[in-house]
Every structure is written in structure tokens, then in C-alpha cells.
Amino acid sequence: MTIRLTRRMLSLFGLAAGLALAGTALAQAQTTLRIFTGGQQRPDVMRQIVDGYMQRNPGVKVEVEVGGATSEQQQQYLNTVLASKDSALDLILIDVIRPAQWAAAQWAEPLDAYLGAERDAVMARYLPAYRAANIVNGKVIALPYFADAQFLYYRKDLLEKHGVAPPKTWDELKAGAQRILAAENAPNLRGFETAGAPIEGTVCTYLVPMWGAGEDLTKDGKLNLSGDAAKKPFQLWADLKEAKVTPPNLAEIPTDRIRQNLQAGNLIFGMTWGYVWNRAQNDADSTVKDKIGVVPLPGFTADRQSTCIGGWQVAVSAFSKNKAEAAKLARYLSSPEVSKQQAVLASHLPVFAEVYGDADVLKANPWFAQALPVVQAARSRPVTPRYTEVSEIMRTNMNAFLAGTKTADQALADMNTRLGAIFR
Amino acid sequence: MSDAIRHKLTPLEKSERRLGFAMLAPAFLLLAAVVLYPIAELIRNSFHFNHLAQPWMGTPFVGFENYVKALGDDRFHEAVWHTVLYILVTVPGAVVVGLGLALLANKPFAIKWPVRLGLLLPWALPLVFAGLIFRWFFEYNQGVANAILRGLGFEPLNWLTTPSLAFFAICLAIIWKSSSFVALVLLAGLQTIPKSFYEAAEVDGATKWQQFREITLPMLRPAIFVALIFRTITAIQTFDIPYAMTNGGPGNSTETLAMYIHKTTVDFLDLGYGSALAVLMFIVSALITSIYLRHTRRDPGRH
């Protein structure tokens, strides 16, 4: 009896050992790729996409690592990983503002060799802004994963109830918000929100009105903050604050808080990105399903609307040990198929013009019909290897102004001094 | 001199001595690898230009350029000033609150665990968690602080976006977080005071307050010094709580020196300048510690 038991146990051990050995052998034949993405770039959707890829490529295992919620938090972490030449990450999702910095720091493996003869044909298919953003000094630094731009989200039901048309100018927005706020008289309802916390999105809070006034931060590589256009953003946000259209705590609002307030039914107008649509329509806790409209951002005049370009790119780490496999996955992630998948699952704007017209995409996101021209006209934040510093100077000064700790003149003077040292 | 000593050593003593060095070597090497080498590297970096976002510039030697830059950098001055303010408020604050907690925990309660848990929990909590919790306390819409104000019929305040209120909120969080460590140190000190002292004082008719002033405080002085040293050194490095609560905002008005160093090196990748700032912080930290140490050595309370 005991002998038999022992024998059985032995054979079980043998089987287990055999399985374990076979397992390691399989694992050795497999390539494991690790991709980094941000908490706000819908890692759940990324997992679905790579699951599909793994099914078709049994030799490849893809792990998704999720990092910080905001662009600059992710970059902080990536700075430490990449400055120490760590090979743990093979692919990294990077913000559209980063390729120049990544090229300069030599963190991204140029993809030209992996695209080979198809390079020009592949790149030609993307929207021009993304083609331009991802090619730095003639080298393909990353491939676009999804496009983005800031839009004006509004409460369709409230606007209709009070006879307000979706605003085309900031003045119309102010008047409409004031009318609705007065009529609704709800203590938690806010008129308008944009990012005001010291985070990456707040750079756009400054630049959008400046572009709207017809100027850009730099002109021929020189800093361009001396004209009236540089003061416009301060005037606009001060005006909306005084009119009590923006809440008193605008300076502590990060990007995703705008979505949360919108979904809780506490916001009439929000200046934010494409991903919000899908969350507002599908999240279990959303109180505004089918009550949201999306239009281009207002301008100072109706014919001159401006917006910030966003979007995320897939870069292959220069320190990856599986660059060839990683480049293959990067190509898949920036394919029209994945672009469509993301548009349907996450309302991520496509990087291919033709996907905007796709029937399934339009069914999930009716407003995509008007989104293509907005993305095409969207403008880029300054392109420089020292972008993290430029961004920090702009967002902390904007934040200080919105909090009321610096006057417009002080904030502008500080921006001039510190940015002047970078754009020499 | 050393030759003379060596002469007197017997072969046995010599081999004992060699063994001693051999046994110390691993600890010394480890210390050298994780403390001395990084400090040496930091000092070396501080004399070079080293900006990872501009690798084409190389890492040339620039002498004291980074230090000169720091002396003229307003943001560095502000960060130092904020750090000094945090030290001046949170170090005494934590010691006073910690002393109260220690006295409370030293009382002969029938059930000891609630007090001990209350003492240990803030200490065991990671700093950044404490920062996030307090950030929600002081959040404009959903925060407890504004809920209380509204309940009392006041206008809500912009706690984290008004510099003075943000400073207050951060100090409160730091004191809450660090006073339990101080309390643990002081509690250990309290338990070394013999009960007979209090009994004698009681017999002589001393009041509780007199007992506290004449027995507890003097006997507790060495423990208070230890707590002050530890608390001051960590206060110089204040980072996590303001980082989580305001990220230095509004503007840079709650940014500490450690946060500015972190931003310069990790965000901006300017390792040269960041290293110079870190060396300056190291010098300040070493100076303050040495002042404390000198004071404790002279302190008669030790004997």
C-alpha cells in the first residue's frame, strides 16, 4: 500500500518535473516584450489589442506595464529607466511632444531600418502632423498609436433646455455658461473647466488662446512673448474667472478631473481630449450618457478656432534586447486595424484619415465626422530637446496665475526670463 | 609612534588585529559602494556640465559654474527658504505633538492597543500615502476641510492653491506623519525614568506640572535631542508630502530644496546642476547635524 502510494507520488513528481521542463523550453522559444503605457491611455484597450496580437503570434508574449496618469509623471519614471539604460522595457507609449527629446537623448531606436523599403509608403499613410512629429532629423523615432486634440465638450441637454447654441467664440461660451448657471442655480454646477494644475495639459491652456490670437511661442526659433498675443491667454482666463464661469479651484484641476466632473453632471463646458467621449458614454457611473456634445474649441472670433495637438506614439527602446520583434509589434500597433479598434473601444482619434469615415467608427463616435478637420488644423507645442523644461516653465507660471499668486505681468516676465535662457 | 605601538604587539595580537580588519572589510566595502562612491560621483558631477537631454554637448569640466549659477538662481533661494520654513514649523511642531502622544501612551491604560496603534499607524504609512490622504482632505470640492467650513456657514477655501494655506496644510500633514516617530523615541526615554523619582516628588508635595518640569523634561532631554536630530535631518529632505499634495504649487510656492533637486535631475535631466544643488544641500545638512552633535556632547543631561 505505502509502496504503491510512493510510486504513484513519484510518477506524479516525474510528470510535474517533465511539465516544468517543457514549460521552460517553451518559454525559451518565446520572446517576451514589455510595453509601457500610461494609466490614462486606456491600458485595458491596449491589453485587448496585444491579446489579439499574441493569438496570431504564438512565439511572442506581450506584457503591459501601466505607469502614471499624466504625461509628465510617466516621463519622470521613464527618465530614470532610460537614463540608466535599463533594458526592461521594449516598447514605450510616448506623448506627441516627446519624439524630439527622445531622439536627442538617443533613447528611441530609429525604425527606418526595420521599415526597410516600405518606410516612405508606411509613413505617407499617417496624418501629416503625425508623420512630421515622428520623423526627427530624417529618422523615424516612433510610430503613431492614436491621434488627439482638445475639443469643447458640452451638456447637450442643458444647452437645449436654455436655448444656447454650441459656442463658436469665447464670448458666446461665457454668455451661454452664465445664462445656464443663473437659471439652473445648482450649487455644484460649474461653467467651464480646462487643465489648470501644474501638469502637461496646462501648457495647452496657455497656448490655445495665444494661437487663437494669431501668434506662437517661438518665431524663427526665437522666443516670441513680447507682443499682445502673449497676454491674451491671461486676459481670457481672468475674464472667465471674474464672470464666475470657471470654478475658484481651477488651479488644482488636472486633465482627468474635467472628465470626472463632466460625468458627475457638474460641468457645462469642458476643454479636453478625445478619450472623454467613450468614458462619458460607457462608464457605469456616468450620469451624462447621450447628453454630451463635442464641437471644435471656440476662438476669439468664430473664424479663427485653434486647438492643441495631442496623441500617443509607440517607440522602441534603444536598450531593448528584442528590437526586431518590438519593431514588428510597433508596426502592428500603428496599423489602420488597431486605429479602428481603438476608435471603437476608447474613442481614440485615428491616425489615418480614412478611418474617420469608417461606418463602425462613426457609429461609436458620431462626432468623428467633424473631428478630422480639427485634428488636421491642430497645432504643436514647441519642438525642442529641452521640452520638459519648457513645459515646466509654462505650466507652473500658468498655474500660479490661475491660483492668483502671480499677476499676468509677473507670470509673463518669469516665462520670458526662464524660456529666454532656453530659446537663445 | 605607530612603529612603537607595532613593536609592542605580540604575534597573537597582530593576527587578532588582522582578523579584526578582515571582518570589518565587508561592512566598509559595502558602505563605500553605497555611500562614499555615490557622494564622490555627485561631487565630481557637480563640477561638470552633464545634461542628458543635450548629449551632444558632452560632459566638459566647468569648475564652479554650477555653484555660481545656484547662487544667482531665484528658484534655488526660494526652495531653500521654503525648506527652512518647513524645518522651523514642523520640527518643533512634531516634538510638541510627539511629547503629548508619548505622555499619553505612557499612562497605565487598561487596554493599550488603541494608543499603540494610533502611535504606530502614521509612522508605518508611506509618506506619499499620507500626502495623498491629506490632499483629499484639503481638496476644494470633496475635501473634509471645506465640508466643515461649509457646515459652519463659511465660504470654502482654496487650501492647496493659496500659498499660505497650502503651506499650513502641508505642515499639518508633516506634523501628523512625523510626530508618531518622535513619540516612539520619547516613549522609550520616558520608560527609563525611575518611578521612585515621581513617588519622592509626590511625597514632597510637588504638583503634576512641577513633576513634569523638574523630572520629566530634564530626564527626557537626551531623548528629545535624538528626536530633534532625526526630525531635522528628515525635514531638510522634505519631499514626498508636498510632492503629493501640491507638487510644489501654486507656481513654485511650496517647492522644497529636495523637490527642486528632483525636478532638475529627474525631470530636466540636468545632472550637473542638480548635483551641485545636492552637494549644497548635503553641506547644509552636515552643518546642522554637527551643531546638534556638538550640543549633545556638551549636554550635562547625558550623565
# chains A, B, ... in the order shown; residues from 1 in each chain; ligands from 1
>>> interface_residues(of="chain B", to="chain A", cutoff="8 Å", atoms="only C-alpha atoms", output="list in words")
Leu52, Ala53, Gln54, Pro55, Tyr140, Asn158, Leu160, Thr161, Thr162, Pro163, Asn247, Gly249, Pro250, Gly251, Asn252, Val266, Asp267, Phe268 and Leu269 of chain B
>>> residues_around(residues="stretch 370-377 of chain A", least_positions_apart="5", cutoff="10 Å", atoms="only C-alpha atoms", output="ChimeraX atom specification")
/A:127-130,147-151,274,294-297,305-310,349-357,365
>>> select_by_dssp(residues="stretch 179-318 of chain A", states="strand (DSSP E or B)", output="MDAnalysis selection string")
chainID A and resid 190:193 218:219 222:223 267:272 292:296 299 305 308:317
>>> write_last_selection(atoms="N, CA and C atoms", output="mmCIF file, in the first residue's frame")
data_model
loop_
_atom_site.group_PDB
_atom_site.id
_atom_site.type_symbol
_atom_site.label_atom_id
_atom_site.label_comp_id
_atom_site.auth_asym_id
_atom_site.auth_seq_id
_atom_site.Cartn_x
_atom_site.Cartn_y
_atom_site.Cartn_z
ATOM 1 N N ARG A 190 -20.691 73.775 -12.552
ATOM 2 C CA ARG A 190 -19.644 74.709 -12.950
ATOM 3 C C ARG A 190 -19.778 75.032 -14.429
ATOM 4 N N GLY A 191 -19.332 76.229 -14.812
ATOM 5 C CA GLY A 191 -19.499 76.668 -16.196
ATOM 6 C C GLY A 191 -18.520 76.035 -17.153
ATOM 7 N N PHE A 192 -17.213 76.212 -16.865
ATOM 8 C CA PHE A 192 -16.195 75.779 -17.814
ATOM 9 C C PHE A 192 -14.941 75.354 -17.072
ATOM 10 N N GLU A 193 -14.304 74.294 -17.556
ATOM 11 C CA GLU A 193 -13.031 73.870 -16.978
ATOM 12 C C GLU A 193 -12.037 73.493 -18.064
ATOM 13 N N THR A 218 7.231 80.586 -30.287
ATOM 14 C CA THR A 218 8.503 80.944 -30.909
ATOM 15 C C THR A 218 8.254 81.404 -32.339
ATOM 16 N N LYS A 219 9.158 82.241 -32.798
ATOM 17 C CA LYS A 219 9.098 82.736 -34.172
ATOM 18 C C LYS A 219 10.509 82.615 -34.713
ATOM 19 N N LYS A 222 13.176 81.927 -32.242
ATOM 20 C CA LYS A 222 13.364 82.894 -31.151
ATOM 21 C C LYS A 222 12.075 82.984 -30.330
ATOM 22 N N LEU A 223 12.241 83.254 -29.043
ATOM 23 C CA LEU A 223 11.090 83.396 -28.167
ATOM 24 C C LEU A 223 10.258 84.604 -28.592
ATOM 25 N N LEU A 267 -20.623 69.811 -14.810
ATOM 26 C CA LEU A 267 -19.881 70.715 -15.671
ATOM 27 C C LEU A 267 -20.678 70.962 -16.963
ATOM 28 N N ILE A 268 -20.770 72.245 -17.373
ATOM 29 C CA ILE A 268 -21.486 72.563 -18.624
ATOM 30 C C ILE A 268 -20.542 72.441 -19.820
ATOM 31 N N PHE A 269 -19.379 73.121 -19.729
ATOM 32 C CA PHE A 269 -18.404 73.091 -20.824
ATOM 33 C C PHE A 269 -17.050 72.581 -20.312
ATOM 34 N N GLY A 270 -16.405 71.730 -21.071
ATOM 35 C CA GLY A 270 -15.058 71.282 -20.710
ATOM 36 C C GLY A 270 -14.157 71.286 -21.937
ATOM 37 N N MET A 271 -12.920 71.820 -21.749
ATOM 38 C CA MET A 271 -11.937 71.803 -22.841
ATOM 39 C C MET A 271 -11.036 70.592 -22.587
ATOM 40 N N THR A 272 -11.267 69.525 -23.345
ATOM 41 C CA THR A 272 -10.483 68.317 -23.062
ATOM 42 C C THR A 272 -10.368 67.417 -24.288
ATOM 43 N N ILE A 292 -24.045 64.421 -24.025
ATOM 44 C CA ILE A 292 -22.813 65.163 -24.290
ATOM 45 C C ILE A 292 -22.687 65.464 -25.777
ATOM 46 N N GLY A 293 -22.289 66.676 -26.079
ATOM 47 C CA GLY A 293 -21.963 67.037 -27.450
ATOM 48 C C GLY A 293 -20.489 67.415 -27.528
ATOM 49 N N VAL A 294 -19.882 67.255 -28.708
ATOM 50 C CA VAL A 294 -18.476 67.614 -28.897
ATOM 51 C C VAL A 294 -18.352 68.486 -30.143
ATOM 52 N N VAL A 295 -17.747 69.651 -29.990
ATOM 53 C CA VAL A 295 -17.504 70.551 -31.129
ATOM 54 C C VAL A 295 -16.084 71.081 -31.043
ATOM 55 N N PRO A 296 -15.596 71.727 -32.126
ATOM 56 C CA PRO A 296 -14.267 72.344 -32.037
ATOM 57 C C PRO A 296 -14.245 73.418 -30.953
ATOM 58 N N GLY A 299 -12.973 80.245 -30.530
ATOM 59 C CA GLY A 299 -11.852 81.140 -30.768
ATOM 60 C C GLY A 299 -12.247 82.529 -30.305
ATOM 61 N N GLN A 305 -10.540 79.397 -34.941
ATOM 62 C CA GLN A 305 -10.521 78.485 -33.812
ATOM 63 C C GLN A 305 -9.177 77.772 -33.798
ATOM 64 N N CYS A 308 -4.860 72.395 -29.487
ATOM 65 C CA CYS A 308 -3.566 71.773 -29.227
ATOM 66 C C CYS A 308 -3.600 70.354 -29.794
ATOM 67 N N ILE A 309 -2.531 69.947 -30.446
ATOM 68 C CA ILE A 309 -2.489 68.572 -30.929
ATOM 69 C C ILE A 309 -1.939 67.677 -29.815
ATOM 70 N N GLY A 310 -2.533 66.493 -29.720
ATOM 71 C CA GLY A 310 -2.046 65.530 -28.733
ATOM 72 C C GLY A 310 -1.803 64.212 -29.435
ATOM 73 N N GLY A 311 -1.923 63.129 -28.703
ATOM 74 C CA GLY A 311 -1.764 61.819 -29.318
ATOM 75 C C GLY A 311 -0.555 61.098 -28.785
ATOM 76 N N TRP A 312 -0.539 59.799 -28.989
ATOM 77 C CA TRP A 312 0.489 58.952 -28.391
ATOM 78 C C TRP A 312 1.144 58.084 -29.451
ATOM 79 N N GLN A 313 2.447 57.889 -29.270
ATOM 80 C CA GLN A 313 3.273 57.190 -30.258
ATOM 81 C C GLN A 313 3.921 55.969 -29.615
ATOM 82 N N VAL A 314 4.213 54.973 -30.449
ATOM 83 C CA VAL A 314 4.925 53.805 -29.944
ATOM 84 C C VAL A 314 6.392 53.927 -30.335
ATOM 85 N N ALA A 315 7.256 53.957 -29.343
ATOM 86 C CA ALA A 315 8.690 53.989 -29.612
ATOM 87 C C ALA A 315 9.292 52.657 -29.185
ATOM 88 N N VAL A 316 10.350 52.238 -29.868
ATOM 89 C CA VAL A 316 11.090 51.051 -29.456
ATOM 90 C C VAL A 316 12.297 51.545 -28.662
ATOM 91 N N SER A 317 12.462 51.022 -27.453
ATOM 92 C CA SER A 317 13.561 51.461 -26.615
ATOM 93 C C SER A 317 14.905 51.120 -27.251
#
>>> select_by_dssp(residues="stretch 256-393 of chain A", states="alpha helix (DSSP H)", output="ChimeraX atom specification")
/A:256-263,275-282,323-333,336-346,359-364,368-377,387-393
>>> decode(residues="stretch 196-208 of chain B", atoms="all heavy atoms", output="mmCIF file, in the first residue's frame")
data_model
loop_
_atom_site.group_PDB
_atom_site.id
_atom_site.type_symbol
_atom_site.label_atom_id
_atom_site.label_comp_id
_atom_site.auth_asym_id
_atom_site.auth_seq_id
_atom_site.Cartn_x
_atom_site.Cartn_y
_atom_site.Cartn_z
ATOM 1 N N SER B 196 10.508 55.861 41.167
ATOM 2 C CA SER B 196 10.762 56.342 42.526
ATOM 3 C C SER B 196 10.916 57.864 42.567
ATOM 4 O O SER B 196 10.580 58.492 43.562
ATOM 5 C CB SER B 196 12.023 55.670 43.071
ATOM 6 O OG SER B 196 13.097 55.888 42.183
ATOM 7 N N PHE B 197 11.407 58.469 41.468
ATOM 8 C CA PHE B 197 11.550 59.928 41.420
ATOM 9 C C PHE B 197 10.196 60.595 41.618
ATOM 10 O O PHE B 197 10.065 61.545 42.360
ATOM 11 C CB PHE B 197 12.124 60.364 40.064
ATOM 12 C CG PHE B 197 13.588 60.078 39.893
ATOM 13 C CD1 PHE B 197 14.219 59.108 40.677
ATOM 14 C CD2 PHE B 197 14.340 60.773 38.955
ATOM 15 C CE1 PHE B 197 15.574 58.843 40.501
ATOM 16 C CE2 PHE B 197 15.675 60.511 38.782
ATOM 17 C CZ PHE B 197 16.286 59.544 39.547
ATOM 18 N N TYR B 198 9.206 60.061 40.910
ATOM 19 C CA TYR B 198 7.874 60.664 40.994
ATOM 20 C C TYR B 198 7.276 60.434 42.380
ATOM 21 O O TYR B 198 6.614 61.294 42.938
ATOM 22 C CB TYR B 198 6.941 60.081 39.919
ATOM 23 C CG TYR B 198 7.361 60.461 38.517
ATOM 24 C CD1 TYR B 198 8.031 59.565 37.706
ATOM 25 C CD2 TYR B 198 7.085 61.734 38.027
ATOM 26 C CE1 TYR B 198 8.420 59.914 36.436
ATOM 27 C CE2 TYR B 198 7.474 62.103 36.760
ATOM 28 C CZ TYR B 198 8.141 61.171 35.945
ATOM 29 O OH TYR B 198 8.528 61.524 34.711
ATOM 30 N N GLU B 199 7.528 59.228 42.922
ATOM 31 C CA GLU B 199 7.000 58.913 44.253
ATOM 32 C C GLU B 199 7.588 59.872 45.289
ATOM 33 O O GLU B 199 6.868 60.427 46.126
ATOM 34 C CB GLU B 199 7.330 57.465 44.626
ATOM 35 C CG GLU B 199 6.484 56.457 43.836
ATOM 36 C CD GLU B 199 7.102 55.059 43.830
ATOM 37 O OE1 GLU B 199 8.069 54.825 44.588
ATOM 38 O OE2 GLU B 199 6.624 54.229 43.058
ATOM 39 N N ALA B 200 8.897 60.128 45.158
ATOM 40 C CA ALA B 200 9.560 61.051 46.087
ATOM 41 C C ALA B 200 8.980 62.448 45.943
ATOM 42 O O ALA B 200 8.694 63.129 46.942
ATOM 43 C CB ALA B 200 11.060 61.068 45.807
ATOM 44 N N ALA B 201 8.770 62.870 44.707
ATOM 45 C CA ALA B 201 8.224 64.201 44.447
ATOM 46 C C ALA B 201 6.821 64.311 45.019
ATOM 47 O O ALA B 201 6.438 65.334 45.603
ATOM 48 C CB ALA B 201 8.208 64.465 42.950
ATOM 49 N N GLU B 202 6.059 63.216 44.850
ATOM 50 C CA GLU B 202 4.686 63.171 45.362
ATOM 51 C C GLU B 202 4.687 63.385 46.882
ATOM 52 O O GLU B 202 3.909 64.172 47.415
ATOM 53 C CB GLU B 202 4.079 61.802 45.030
ATOM 54 C CG GLU B 202 2.564 61.760 45.065
ATOM 55 C CD GLU B 202 1.991 61.939 43.666
ATOM 56 O OE1 GLU B 202 2.746 61.799 42.665
ATOM 57 O OE2 GLU B 202 0.810 62.217 43.587
ATOM 58 N N VAL B 203 5.629 62.683 47.534
ATOM 59 C CA VAL B 203 5.738 62.775 48.988
ATOM 60 C C VAL B 203 6.067 64.205 49.401
ATOM 61 O O VAL B 203 5.519 64.743 50.357
ATOM 62 C CB VAL B 203 6.822 61.804 49.515
ATOM 63 C CG1 VAL B 203 7.106 62.069 50.992
ATOM 64 C CG2 VAL B 203 6.385 60.370 49.284
ATOM 65 N N ASP B 204 6.958 64.864 48.578
ATOM 66 C CA ASP B 204 7.328 66.238 48.892
ATOM 67 C C ASP B 204 6.244 67.230 48.503
ATOM 68 O O ASP B 204 6.429 68.439 48.670
ATOM 69 C CB ASP B 204 8.630 66.609 48.163
ATOM 70 C CG ASP B 204 9.810 65.855 48.764
ATOM 71 O OD1 ASP B 204 9.669 65.405 49.914
ATOM 72 O OD2 ASP B 204 10.841 65.707 48.082
ATOM 73 N N GLY B 205 5.173 66.758 47.924
ATOM 74 C CA GLY B 205 4.036 67.630 47.630
ATOM 75 C C GLY B 205 4.145 68.395 46.317
ATOM 76 O O GLY B 205 3.519 69.439 46.159
ATOM 77 N N ALA B 206 4.955 67.886 45.349
ATOM 78 C CA ALA B 206 5.071 68.554 44.053
ATOM 79 C C ALA B 206 3.810 68.315 43.224
ATOM 80 O O ALA B 206 3.251 67.225 43.248
ATOM 81 C CB ALA B 206 6.288 68.030 43.295
ATOM 82 N N THR B 207 3.399 69.367 42.487
ATOM 83 C CA THR B 207 2.229 69.193 41.616
ATOM 84 C C THR B 207 2.643 68.411 40.371
ATOM 85 O O THR B 207 3.832 68.230 40.083
ATOM 86 C CB THR B 207 1.675 70.556 41.172
ATOM 87 O OG1 THR B 207 2.700 71.215 40.416
ATOM 88 C CG2 THR B 207 1.281 71.406 42.368
ATOM 89 N N LYS B 208 1.635 67.981 39.583
ATOM 90 C CA LYS B 208 1.916 67.241 38.336
ATOM 91 C C LYS B 208 2.778 68.081 37.392
ATOM 92 O O LYS B 208 3.693 67.593 36.750
ATOM 93 C CB LYS B 208 0.600 66.885 37.631
ATOM 94 C CG LYS B 208 -0.176 65.749 38.292
ATOM 95 C CD LYS B 208 0.378 64.389 37.869
ATOM 96 C CE LYS B 208 -0.292 63.291 38.661
ATOM 97 N NZ LYS B 208 0.552 62.143 38.913
#
